[in-house]
>>> print(open('query.cif').read())   # mmCIF, C-alpha atoms and all ligand atoms
data_final
#
loop_
_atom_site.group_PDB
_atom_site.id
_atom_site.type_symbol
_atom_site.label_atom_id
_atom_site.label_comp_id
_atom_site.auth_asym_id
_atom_site.auth_seq_id
_atom_site.Cartn_x
_atom_site.Cartn_y
_atom_site.Cartn_z
ATOM 1 C CA MET A 155 9.879 1.983 -0.482
ATOM 2 C CA ILE A 156 6.114 1.435 -0.227
ATOM 3 C CA LYS A 157 4.570 4.384 1.619
ATOM 4 C CA LYS A 158 0.870 4.214 0.777
ATOM 5 C CA CYS A 159 -1.531 1.455 1.636
ATOM 6 C CA LEU A 160 -5.017 1.185 0.169
ATOM 7 C CA PHE A 161 -7.808 -0.493 2.131
ATOM 8 C CA PRO A 162 -10.867 -1.406 0.068
ATOM 9 C CA ALA A 163 -13.539 -1.398 2.751
ATOM 10 C CA ALA A 164 -16.745 -0.679 0.900
ATOM 11 C CA GLY A 165 -18.172 -4.203 0.604
ATOM 12 C CA TYR A 166 -21.538 -5.036 2.138
ATOM 13 C CA GLY A 167 -20.271 -7.915 4.290
ATOM 14 C CA THR A 168 -23.464 -9.859 3.686
ATOM 15 C CA ARG A 169 -22.053 -12.997 5.294
ATOM 16 C CA PHE A 170 -22.161 -11.170 8.611
ATOM 17 C CA LEU A 171 -25.717 -9.891 8.428
ATOM 18 C CA PRO A 172 -27.440 -8.731 10.530
ATOM 19 C CA ALA A 173 -24.279 -7.566 12.376
ATOM 20 C CA THR A 174 -23.123 -5.626 9.314
ATOM 21 C CA LYS A 175 -26.428 -3.853 8.704
ATOM 22 C CA ALA A 176 -25.228 -0.757 10.558
ATOM 23 C CA ILE A 177 -21.639 -1.681 11.470
ATOM 24 C CA PRO A 178 -18.967 -1.980 8.781
ATOM 25 C CA LYS A 179 -17.514 -5.492 8.537
ATOM 26 C CA GLU A 180 -14.048 -3.961 8.861
ATOM 27 C CA MET A 181 -15.012 -2.619 12.303
ATOM 28 C CA LEU A 182 -15.939 -6.010 13.763
ATOM 29 C CA PRO A 183 -13.484 -6.648 16.603
ATOM 30 C CA VAL A 184 -11.218 -9.605 17.094
ATOM 31 C CA LEU A 185 -10.857 -9.294 20.873
ATOM 32 C CA THR A 186 -10.836 -5.532 21.436
ATOM 33 C CA LYS A 187 -9.478 -4.331 18.118
ATOM 34 C CA PRO A 188 -11.365 -3.844 14.856
ATOM 35 C CA LEU A 189 -10.146 -5.827 11.853
ATOM 36 C CA LEU A 190 -9.152 -2.645 10.064
ATOM 37 C CA GLN A 191 -6.838 -1.569 12.882
ATOM 38 C CA TYR A 192 -4.921 -4.850 12.593
ATOM 39 C CA GLY A 193 -4.484 -4.094 8.896
ATOM 40 C CA VAL A 194 -3.318 -0.530 9.527
ATOM 41 C CA GLU A 195 -0.794 -1.766 12.096
ATOM 42 C CA GLU A 196 0.537 -4.271 9.561
ATOM 43 C CA ALA A 197 0.900 -1.495 6.976
ATOM 44 C CA ILE A 198 2.780 0.697 9.469
ATOM 45 C CA GLU A 199 5.148 -2.147 10.258
ATOM 46 C CA ALA A 200 5.862 -2.520 6.546
ATOM 47 C CA GLY A 201 6.900 1.150 6.409
ATOM 48 C CA CYS A 202 3.663 2.798 5.212
ATOM 49 C CA ASP A 203 2.691 6.178 6.617
ATOM 50 C CA THR A 204 -0.301 7.023 4.420
ATOM 51 C CA MET A 205 -3.494 4.999 4.743
ATOM 52 C CA ALA A 206 -6.027 5.408 1.956
ATOM 53 C CA ILE A 207 -9.402 3.910 2.737
ATOM 54 C CA VAL A 208 -12.190 3.243 0.253
ATOM 55 C CA THR A 209 -15.442 3.355 2.182
ATOM 56 C CA GLY A 210 -19.090 3.384 1.254
ATOM 57 C CA ARG A 211 -22.475 4.284 2.680
ATOM 58 C CA GLY A 212 -22.875 3.335 6.341
ATOM 59 C CA LYS A 213 -19.124 3.183 6.964
ATOM 60 C CA ARG A 214 -18.598 6.384 8.946
ATOM 61 C CA ALA A 215 -17.552 4.453 12.040
ATOM 62 C CA ILE A 216 -14.261 3.804 10.226
ATOM 63 C CA GLU A 217 -13.437 7.511 10.044
ATOM 64 C CA ASP A 218 -14.471 8.062 13.654
ATOM 65 C CA HIS A 219 -12.249 5.202 14.816
ATOM 66 C CA PHE A 220 -9.109 6.812 13.401
ATOM 67 C CA ASP A 221 -9.928 10.223 14.879
ATOM 68 C CA VAL A 222 -9.903 11.682 18.387
ATOM 69 C CA SER A 223 -13.016 11.250 20.500
ATOM 70 C CA TYR A 224 -12.836 14.365 22.658
ATOM 71 C CA GLU A 225 -15.640 13.578 25.050
ATOM 72 C CA LEU A 226 -14.473 10.022 25.726
ATOM 73 C CA GLU A 227 -10.838 11.026 26.045
ATOM 74 C CA HIS A 228 -11.703 13.884 28.398
ATOM 75 C CA GLN A 229 -13.743 11.498 30.561
ATOM 76 C CA ILE A 230 -11.033 8.874 30.994
ATOM 77 C CA LYS A 231 -8.005 11.173 31.083
ATOM 78 C CA GLY A 232 -5.967 10.542 34.212
ATOM 79 C CA THR A 233 -7.999 7.449 35.179
ATOM 80 C CA SER A 234 -6.880 3.822 35.219
ATOM 81 C CA LYS A 235 -8.743 3.300 31.937
ATOM 82 C CA GLU A 236 -6.691 5.709 29.871
ATOM 83 C CA HIS A 237 -4.243 3.027 28.696
ATOM 84 C CA TYR A 238 -7.023 1.324 26.730
ATOM 85 C CA LEU A 239 -6.570 4.012 24.099
ATOM 86 C CA ASN A 240 -2.783 3.763 23.891
ATOM 87 C CA GLU A 241 -2.664 1.465 20.878
ATOM 88 C CA ILE A 242 -5.027 3.476 18.701
ATOM 89 C CA ARG A 243 -3.320 6.744 19.681
ATOM 90 C CA SER A 244 0.017 5.304 18.674
ATOM 91 C CA VAL A 245 -1.432 4.262 15.299
ATOM 92 C CA MET A 246 -2.802 7.764 14.740
ATOM 93 C CA ASP A 247 0.577 9.319 15.586
ATOM 94 C CA LYS A 248 2.378 7.245 12.986
ATOM 95 C CA CYS A 249 0.290 7.824 9.872
ATOM 96 C CA THR A 250 -2.309 9.915 8.102
ATOM 97 C CA PHE A 251 -5.700 8.747 6.847
ATOM 98 C CA SER A 252 -7.594 9.759 3.768
ATOM 99 C CA TYR A 253 -10.931 8.504 2.503
ATOM 100 C CA THR A 254 -12.969 8.245 -0.622
ATOM 101 C CA ARG A 255 -16.310 6.585 -1.247
ATOM 102 C CA GLN A 256 -17.155 3.856 -3.696
ATOM 103 C CA ILE A 257 -20.621 4.857 -4.834
ATOM 104 C CA GLU A 258 -21.612 1.531 -6.391
ATOM 105 C CA MET A 259 -20.148 -1.739 -5.099
ATOM 106 C CA LYS A 260 -18.812 -3.045 -8.388
ATOM 107 C CA GLY A 261 -16.171 -5.372 -7.011
ATOM 108 C CA LEU A 262 -12.663 -5.306 -5.625
ATOM 109 C CA GLY A 263 -11.071 -4.129 -8.879
ATOM 110 C CA HIS A 264 -13.505 -1.225 -9.001
ATOM 111 C CA ALA A 265 -12.817 -0.410 -5.334
ATOM 112 C CA ILE A 266 -9.081 -0.275 -6.047
ATOM 113 C CA LEU A 267 -9.714 1.961 -9.057
ATOM 114 C CA THR A 268 -11.816 4.226 -6.819
ATOM 115 C CA GLY A 269 -8.713 4.623 -4.638
ATOM 116 C CA GLU A 270 -6.679 6.046 -7.537
ATOM 117 C CA THR A 271 -7.521 9.573 -6.459
ATOM 118 C CA LEU A 272 -5.866 8.934 -3.055
ATOM 119 C CA ILE A 273 -2.891 6.898 -4.301
ATOM 120 C CA GLY A 274 -1.814 8.725 -7.474
ATOM 121 C CA HIS A 275 0.550 7.368 -10.105
ATOM 122 C CA GLU A 276 3.970 8.144 -8.624
ATOM 123 C CA ASN A 277 4.847 5.000 -6.708
ATOM 124 C CA ASN A 278 3.989 1.373 -6.118
ATOM 125 C CA PHE A 279 1.476 0.901 -3.329
ATOM 126 C CA ALA A 280 0.155 -1.786 -1.017
ATOM 127 C CA VAL A 281 -3.392 -3.105 -0.769
ATOM 128 C CA ILE A 282 -4.701 -4.820 2.351
ATOM 129 C CA LEU A 283 -8.085 -6.507 2.614
ATOM 130 C CA ALA A 284 -8.658 -6.168 6.330
ATOM 131 C CA ASP A 285 -10.965 -9.158 6.480
ATOM 132 C CA ASP A 286 -7.956 -11.362 5.702
ATOM 133 C CA LEU A 287 -6.289 -11.156 9.086
ATOM 134 C CA CYS A 288 -2.647 -12.265 9.058
ATOM 135 C CA ASP A 289 -0.195 -12.964 11.823
ATOM 136 C CA ASN A 290 3.378 -14.089 12.008
ATOM 137 C CA GLN A 291 4.389 -15.071 15.515
ATOM 138 C CA LYS A 292 8.133 -14.945 15.017
ATOM 139 C CA GLY A 293 9.125 -12.904 12.031
ATOM 140 C CA LYS A 294 7.987 -10.090 9.830
ATOM 141 C CA THR A 295 4.385 -9.412 8.901
ATOM 142 C CA VAL A 296 3.122 -10.571 5.514
ATOM 143 C CA LEU A 297 3.138 -7.087 3.984
ATOM 144 C CA ASN A 298 6.623 -6.471 5.333
ATOM 145 C CA GLN A 299 7.861 -9.662 3.666
ATOM 146 C CA MET A 300 6.271 -8.514 0.398
ATOM 147 C CA ALA A 301 7.703 -4.986 0.676
ATOM 148 C CA GLU A 302 11.187 -6.487 0.845
ATOM 149 C CA ILE A 303 10.600 -8.486 -2.332
ATOM 150 C CA SER A 304 9.200 -5.388 -4.013
ATOM 151 C CA LYS A 305 12.523 -3.587 -3.495
ATOM 152 C CA ARG A 306 14.161 -6.211 -5.712
ATOM 153 C CA TYR A 307 11.335 -6.292 -8.287
ATOM 154 C CA PRO A 308 10.109 -2.672 -8.483
ATOM 155 C CA ASN A 309 8.485 -3.160 -11.898
ATOM 156 C CA CYS A 310 6.266 -6.011 -10.754
ATOM 157 C CA CYS A 311 3.027 -6.446 -8.858
ATOM 158 C CA ILE A 312 3.222 -8.945 -6.010
ATOM 159 C CA VAL A 313 0.296 -10.964 -4.728
ATOM 160 C CA ALA A 314 0.352 -13.020 -1.550
ATOM 161 C CA ILE A 315 -0.666 -16.636 -2.042
ATOM 162 C CA GLU A 316 -1.306 -19.702 0.049
ATOM 163 C CA GLU A 317 -2.056 -23.329 -0.695
ATOM 164 C CA ILE A 318 -5.700 -24.132 -0.177
ATOM 165 C CA PRO A 319 -7.681 -27.384 -0.336
ATOM 166 C CA LYS A 320 -8.518 -28.040 -3.994
ATOM 167 C CA GLU A 321 -12.271 -28.103 -3.267
ATOM 168 C CA ASP A 322 -12.089 -24.419 -2.218
ATOM 169 C CA THR A 323 -10.692 -23.000 -5.474
ATOM 170 C CA ASN A 324 -14.086 -21.516 -6.361
ATOM 171 C CA LYS A 325 -13.721 -19.000 -3.494
ATOM 172 C CA TYR A 326 -10.411 -17.452 -4.626
ATOM 173 C CA GLY A 327 -8.348 -16.057 -7.453
ATOM 174 C CA ILE A 328 -6.041 -18.926 -8.436
ATOM 175 C CA VAL A 329 -2.579 -18.475 -9.969
ATOM 176 C CA ALA A 330 -0.068 -20.622 -11.826
ATOM 177 C CA GLY A 331 3.462 -19.857 -12.952
ATOM 178 C CA LYS A 332 7.139 -20.650 -12.700
ATOM 179 C CA LEU A 333 9.087 -20.857 -9.449
ATOM 180 C CA ILE A 334 11.887 -18.264 -9.724
ATOM 181 C CA GLU A 335 13.084 -18.189 -6.115
ATOM 182 C CA GLU A 336 12.154 -19.992 -2.945
ATOM 183 C CA ASN A 337 8.422 -19.262 -2.385
ATOM 184 C CA LEU A 338 8.294 -16.796 -5.310
ATOM 185 C CA TYR A 339 6.563 -17.485 -8.631
ATOM 186 C CA LYS A 340 6.433 -15.529 -11.868
ATOM 187 C CA ILE A 341 2.788 -15.789 -12.836
ATOM 188 C CA ASP A 342 1.444 -16.526 -16.298
ATOM 189 C CA THR A 343 -2.079 -17.745 -15.502
ATOM 190 C CA MET A 344 -4.706 -16.316 -13.173
ATOM 191 C CA VAL A 345 -8.336 -17.382 -12.901
ATOM 192 C CA GLU A 346 -11.018 -15.884 -10.677
ATOM 193 C CA LYS A 347 -12.940 -18.480 -8.649
ATOM 194 C CA PRO A 348 -12.483 -21.524 -10.932
ATOM 195 C CA SER A 349 -14.270 -24.764 -10.133
ATOM 196 C CA PRO A 350 -11.878 -27.366 -8.680
ATOM 197 C CA LYS A 351 -11.787 -29.264 -11.981
ATOM 198 C CA ASP A 352 -10.808 -26.122 -13.945
ATOM 199 C CA ALA A 353 -8.305 -24.740 -11.411
ATOM 200 C CA PRO A 354 -4.713 -24.815 -12.718
ATOM 201 C CA THR A 355 -3.271 -25.123 -9.174
ATOM 202 C CA ASN A 356 -4.360 -24.790 -5.548
ATOM 203 C CA LEU A 357 -2.395 -21.533 -5.059
ATOM 204 C CA ALA A 358 -4.901 -18.911 -3.937
ATOM 205 C CA ILE A 359 -4.495 -15.141 -3.799
ATOM 206 C CA ILE A 360 -5.180 -13.730 -0.343
ATOM 207 C CA GLY A 361 -5.806 -10.129 0.648
ATOM 208 C CA ARG A 362 -2.319 -8.618 0.368
ATOM 209 C CA TYR A 363 -1.039 -6.981 -2.802
ATOM 210 C CA ILE A 364 1.707 -4.660 -3.898
ATOM 211 C CA LEU A 365 0.612 -2.976 -7.102
ATOM 212 C CA ILE A 366 2.264 -0.818 -9.722
ATOM 213 C CA PRO A 367 0.389 2.356 -10.781
ATOM 214 C CA GLU A 368 -0.095 0.960 -14.299
ATOM 215 C CA ILE A 369 -2.850 -1.186 -12.762
ATOM 216 C CA PHE A 370 -5.214 1.820 -12.694
ATOM 217 C CA ASP A 371 -5.230 2.280 -16.474
ATOM 218 C CA ILE A 372 -5.710 -1.447 -16.954
ATOM 219 C CA LEU A 373 -8.625 -1.480 -14.490
ATOM 220 C CA LYS A 374 -10.271 1.319 -16.484
ATOM 221 C CA ASP A 375 -10.186 -0.964 -19.539
ATOM 222 C CA THR A 376 -11.233 -4.138 -17.729
ATOM 223 C CA THR A 377 -14.702 -5.337 -18.617
ATOM 224 C CA PRO A 378 -16.872 -6.509 -15.721
ATOM 225 C CA GLY A 379 -16.721 -10.251 -15.086
ATOM 226 C CA ILE A 380 -18.706 -12.530 -12.775
ATOM 227 C CA GLY A 381 -21.736 -10.701 -11.284
ATOM 228 C CA GLY A 382 -21.003 -7.427 -13.120
ATOM 229 C CA GLU A 383 -17.970 -6.859 -10.894
ATOM 230 C CA ILE A 384 -14.588 -5.584 -12.033
ATOM 231 C CA GLN A 385 -12.136 -8.236 -10.890
ATOM 232 C CA ILE A 386 -8.624 -7.337 -9.828
ATOM 233 C CA THR A 387 -7.585 -10.806 -11.044
ATOM 234 C CA ASP A 388 -8.570 -9.923 -14.631
ATOM 235 C CA ALA A 389 -6.503 -6.718 -14.521
ATOM 236 C CA LEU A 390 -3.546 -8.547 -13.010
ATOM 237 C CA LEU A 391 -3.723 -11.155 -15.764
ATOM 238 C CA THR A 392 -3.041 -8.405 -18.318
ATOM 239 C CA LEU A 393 0.129 -7.515 -16.396
ATOM 240 C CA ALA A 394 1.040 -11.183 -15.897
ATOM 241 C CA LYS A 395 1.102 -11.617 -19.671
ATOM 242 C CA LYS A 396 3.819 -8.932 -19.709
ATOM 243 C CA GLY A 397 5.761 -10.816 -17.015
ATOM 244 C CA LYS A 398 4.905 -8.239 -14.372
ATOM 245 C CA VAL A 399 3.172 -10.300 -11.686
ATOM 246 C CA LEU A 400 4.889 -12.279 -8.947
ATOM 247 C CA ALA A 401 3.170 -14.438 -6.367
ATOM 248 C CA TYR A 402 4.721 -14.900 -2.955
ATOM 249 C CA LYS A 403 3.960 -17.826 -0.678
ATOM 250 C CA PHE A 404 4.177 -15.947 2.606
ATOM 251 C CA SER A 405 5.276 -17.216 5.944
ATOM 252 C CA GLY A 406 2.638 -16.836 8.636
ATOM 253 C CA ILE A 407 -0.996 -17.593 9.225
ATOM 254 C CA ARG A 408 -4.124 -16.103 7.653
ATOM 255 C CA PHE A 409 -7.709 -16.086 8.851
ATOM 256 C CA ASP A 410 -10.596 -15.439 6.499
ATOM 257 C CA CYS A 411 -12.468 -13.085 8.797
ATOM 258 C CA GLY A 412 -14.992 -12.422 6.037
ATOM 259 C CA SER A 413 -16.509 -15.779 6.993
ATOM 260 C CA VAL A 414 -17.958 -16.659 10.374
ATOM 261 C CA ASP A 415 -15.760 -19.759 10.743
ATOM 262 C CA GLY A 416 -12.566 -17.830 10.012
ATOM 263 C CA PHE A 417 -13.600 -15.021 12.339
ATOM 264 C CA VAL A 418 -14.151 -17.433 15.225
ATOM 265 C CA GLU A 419 -10.812 -19.155 14.527
ATOM 266 C CA ALA A 420 -9.046 -15.775 14.547
ATOM 267 C CA THR A 421 -10.698 -14.805 17.808
ATOM 268 C CA ASN A 422 -9.595 -18.046 19.480
ATOM 269 C CA TYR A 423 -6.084 -17.729 18.061
ATOM 270 C CA PHE A 424 -5.548 -14.149 19.251
ATOM 271 C CA TYR A 425 -7.158 -14.876 22.612
ATOM 272 C CA ASN A 426 -4.778 -17.802 23.208
ATOM 273 C CA LYS A 427 -1.842 -15.742 21.964
ATOM 274 C CA GLN A 428 -2.384 -12.900 24.423
ATOM 275 C CA LYS A 429 -2.971 -15.164 27.457
HETATM 276 P P1 LIG B 1 -15.728 -9.591 -0.220
HETATM 277 O O1 LIG B 1 -15.631 -10.454 -1.410
HETATM 278 O O2 LIG B 1 -15.397 -10.199 1.103
HETATM 279 O O3 LIG B 1 -17.172 -8.946 -0.208
HETATM 280 O O4 LIG B 1 -14.787 -8.344 -0.477
HETATM 281 P P2 LIG B 1 -17.950 -8.234 0.947
HETATM 282 O O5 LIG B 1 -19.071 -7.464 0.355
HETATM 283 O O6 LIG B 1 -17.016 -7.441 1.817
HETATM 284 O O7 LIG B 1 -18.506 -9.435 1.854
HETATM 285 P P3 LIG B 1 -19.674 -10.512 1.556
HETATM 286 O O8 LIG B 1 -19.093 -11.470 0.546
HETATM 287 O O9 LIG B 1 -20.892 -9.787 1.080
HETATM 288 O O10 LIG B 1 -19.897 -11.167 2.897
HETATM 289 C C1 LIG B 1 -13.390 -8.401 -0.306
HETATM 290 C C2 LIG B 1 -12.882 -7.021 0.060
HETATM 291 O O11 LIG B 1 -13.143 -6.096 -0.980
HETATM 292 C C3 LIG B 1 -13.900 -4.987 -0.509
HETATM 293 C C4 LIG B 1 -14.581 -5.488 0.768
HETATM 294 O O12 LIG B 1 -14.850 -4.407 1.628
HETATM 295 C C5 LIG B 1 -13.542 -6.461 1.316
HETATM 296 O O13 LIG B 1 -12.525 -5.773 2.028
HETATM 297 N N1 LIG B 1 -14.868 -4.612 -1.554
HETATM 298 C C6 LIG B 1 -15.557 -5.561 -2.246
HETATM 299 C C7 LIG B 1 -15.063 -3.278 -1.844
HETATM 300 O O14 LIG B 1 -14.434 -2.384 -1.219
HETATM 301 N N2 LIG B 1 -15.954 -2.938 -2.813
HETATM 302 C C8 LIG B 1 -16.633 -3.867 -3.536
HETATM 303 O O15 LIG B 1 -17.429 -3.487 -4.429
HETATM 304 C C9 LIG B 1 -16.455 -5.209 -3.217
#
>>> encode(input="query.cif", output="structure tokens", more="lines below")
Ligand code: UTP
Amino acid sequence: MIKKCLFPAAGYGTRFLPATKAIPKEMLPVLTKPLLQYGVEEAIEAGCDTMAIVTGRGKRAIEDHFDVSYELEHQIKGTSKEHYLNEIRSVMDKCTFSYTRQIEMKGLGHAILTGETLIGHENNFAVILADDLCDNQKGKTVLNQMAEISKRYPNCCIVAIEEIPKEDTNKYGIVAGKLIEENLYKIDTMVEKPSPKDAPTNLAIIGRYILIPEIFDILKDTTPGIGGEIQITDALLTLAKKGKVLAYKFSGIRFDCGSVDGFVEATNYFYNKQK
């Protein structure tokens, strides 16, 4: 059972400047809820009760969001506005939050390694990138689908993948491997942001992972790649060579809320859904 979920949330979010100059990207709201809260709710639904968040300078709003706000709550207690806080209170009742800071932004792999102190080495854990906002109208959430696969493959990492247009391969980690079950591949090749002509497939990793603790030691030995960043894809490739990485083509929809286009699409989608 996956109990801990790690949220790397230390990135600068430069594509959203100037909005992200003083506000963390993960706190930008789709309708009334910050991106990170959607991610935490998905983790809870998958059975997690411990949220481990990697933050950085200028990200204190994240900690305040998942805490009580005495003055505000005192002001609206007993009024017709009190229900606006119901959802976040329910989230806070169901899990605990812990934080650590990434001092230098040396990439997603480095952010995950920074979370080692919160996650430990006992059990497999989930990773959610909150700027990939996922929804599944009918069935289980993406992380929940992955958690079920993880029960059957406890010695493997699982990455969520989706088919993308070939011309976009240079924005993603791309995987290739052998289909072992419906929608599930055993991975033998992974490349970070290949050009379309070098990409082995159009299967792109999106921001949902289930990782085995062995990943931490591999990350420590992973040399920085593109832009001096430690890439999670490089560390996963080491495990893939040992047959320990699966890729799952999830059912549902994903919005790249790290880009303005994706953020607007998500906003329209969730607005139409709640009408
Ligand atoms: P992105 O690649 O979207 O980078 O990171 P970014 O800095 O957030 O955004 P842009 O590209 O400048 O607009 C993917 C995820 O990894 C986290 C980010 O917070 C985001 O959730 N991340 C990235 C870190 O936590 N630390 C890093 O050093 C880099």
>>> atom_distance(input="query.cif", atom1="atom CA of A:Pro378", atom2="atom C1 of ligand LIG 1 (chain B)")
15.9 Å
>>> closest_atom_pairs(input="query.cif", of="chain A", to="ligand LIG 1 (chain B)", cutoff="6 Å", atoms="only C-alpha atoms and all ligand atoms", output="tab-separated table")
residue	atom	partner	partner_atom	distance
A:Pro162	CA	B:LIG1	O14	3.9
A:Ala163	CA	B:LIG1	O12	3.5
A:Ala164	CA	B:LIG1	O14	3.6
A:Gly165	CA	B:LIG1	O5	3.4
A:Tyr166	CA	B:LIG1	O5	3.9
A:Gly167	CA	B:LIG1	O7	3.4
A:Thr168	CA	B:LIG1	O9	3.7
A:Arg169	CA	B:LIG1	O10	3.7
A:Met259	CA	B:LIG1	O15	3.3
A:Lys260	CA	B:LIG1	O15	4.2
A:Gly261	CA	B:LIG1	O15	3.4
A:Leu262	CA	B:LIG1	C6	4.5
A:Ala265	CA	B:LIG1	N2	4.8
A:Leu283	CA	B:LIG1	O13	4.5
A:Ala284	CA	B:LIG1	O13	5.8
A:Asp285	CA	B:LIG1	O13	5.8
A:Gly412	CA	B:LIG1	O2	5.4
>>> residues_around(input="query.cif", residues="A:Ile372", least_positions_apart="3", cutoff="12 Å", atoms="only C-alpha atoms", output="ChimeraX atom specification")
/A:263-264,266-267,365-369,375-377,384-394
>>> residues_around(input="query.cif", residues="A:Tyr307", least_positions_apart="6", cutoff="10 Å", atoms="all atoms listed in the file", output="PyMOL selection string")
chain A and resi 301+398-400
>>> closest_residue(input="query.cif", among="A:Gly201, A:Gly212, A:Pro172, A:Gly406", to="A:Glu316", atoms="only C-alpha atoms")
A:Gly406
>>> residues_around(input="query.cif", residues="A:Asn356", least_positions_apart="6", cutoff="10 Å", atoms="only C-alpha atoms", output="list in words")
Ile315, Glu316, Glu317, Ile318, Pro319, Lys320, Glu321, Asp322, Thr323, Tyr326, Gly327, Ile328, Val329, Ala330 and Pro350 of chain A
>>> write_last_selection(input="query.cif", atoms="C-alpha atoms", output="PDB file, keeping the file's coordinate frame")
ATOM      1  CA  ILE A 315      -0.666 -16.636  -2.042  1.00  0.00           C
ATOM      2  CA  GLU A 316      -1.306 -19.702   0.049  1.00  0.00           C
ATOM      3  CA  GLU A 317      -2.056 -23.329  -0.695  1.00  0.00           C
ATOM      4  CA  ILE A 318      -5.700 -24.132  -0.177  1.00  0.00           C
ATOM      5  CA  PRO A 319      -7.681 -27.384  -0.336  1.00  0.00           C
ATOM      6  CA  LYS A 320      -8.518 -28.040  -3.994  1.00  0.00           C
ATOM      7  CA  GLU A 321     -12.271 -28.103  -3.267  1.00  0.00           C
ATOM      8  CA  ASP A 322     -12.089 -24.419  -2.218  1.00  0.00           C
ATOM      9  CA  THR A 323     -10.692 -23.000  -5.474  1.00  0.00           C
ATOM     10  CA  TYR A 326     -10.411 -17.452  -4.626  1.00  0.00           C
ATOM     11  CA  GLY A 327      -8.348 -16.057  -7.453  1.00  0.00           C
ATOM     12  CA  ILE A 328      -6.041 -18.926  -8.436  1.00  0.00           C
ATOM     13  CA  VAL A 329      -2.579 -18.475  -9.969  1.00  0.00           C
ATOM     14  CA  ALA A 330      -0.068 -20.622 -11.826  1.00  0.00           C
ATOM     15  CA  PRO A 350     -11.878 -27.366  -8.680  1.00  0.00           C
TER      16      PRO A 350
END
>>> resolve_selection(input="query.cif", expression="the PyMOL selection byres (((chain A and resi 281) around 7) and not hetatm)", output="PDB file with C-alpha atoms, in the coordinates of the input")
ATOM      1  CA  CYS A 159      -1.531   1.455   1.636  1.00  0.00           C
ATOM      2  CA  LEU A 160      -5.017   1.185   0.169  1.00  0.00           C
ATOM      3  CA  PHE A 161      -7.808  -0.493   2.131  1.00  0.00           C
ATOM      4  CA  PHE A 279       1.476   0.901  -3.329  1.00  0.00           C
ATOM      5  CA  ALA A 280       0.155  -1.786  -1.017  1.00  0.00           C
ATOM      6  CA  ILE A 282      -4.701  -4.820   2.351  1.00  0.00           C
ATOM      7  CA  LEU A 283      -8.085  -6.507   2.614  1.00  0.00           C
ATOM      8  CA  ARG A 362      -2.319  -8.618   0.368  1.00  0.00           C
ATOM      9  CA  TYR A 363      -1.039  -6.981  -2.802  1.00  0.00           C
ATOM     10  CA  ILE A 364       1.707  -4.660  -3.898  1.00  0.00           C
TER      11      ILE A 364
END
>>> closest_residue(input="query.cif", among="A:Asn337, A:Asn290, A:Asn278, A:Thr174", to="A:Cys311", atoms="all atoms listed in the file")
A:Asn278
>>> closest_residue(input="query.cif", among="A:Met246, A:Pro188, A:Ser405, A:Thr421", to="A:Lys292", atoms="only C-alpha atoms")
A:Ser405
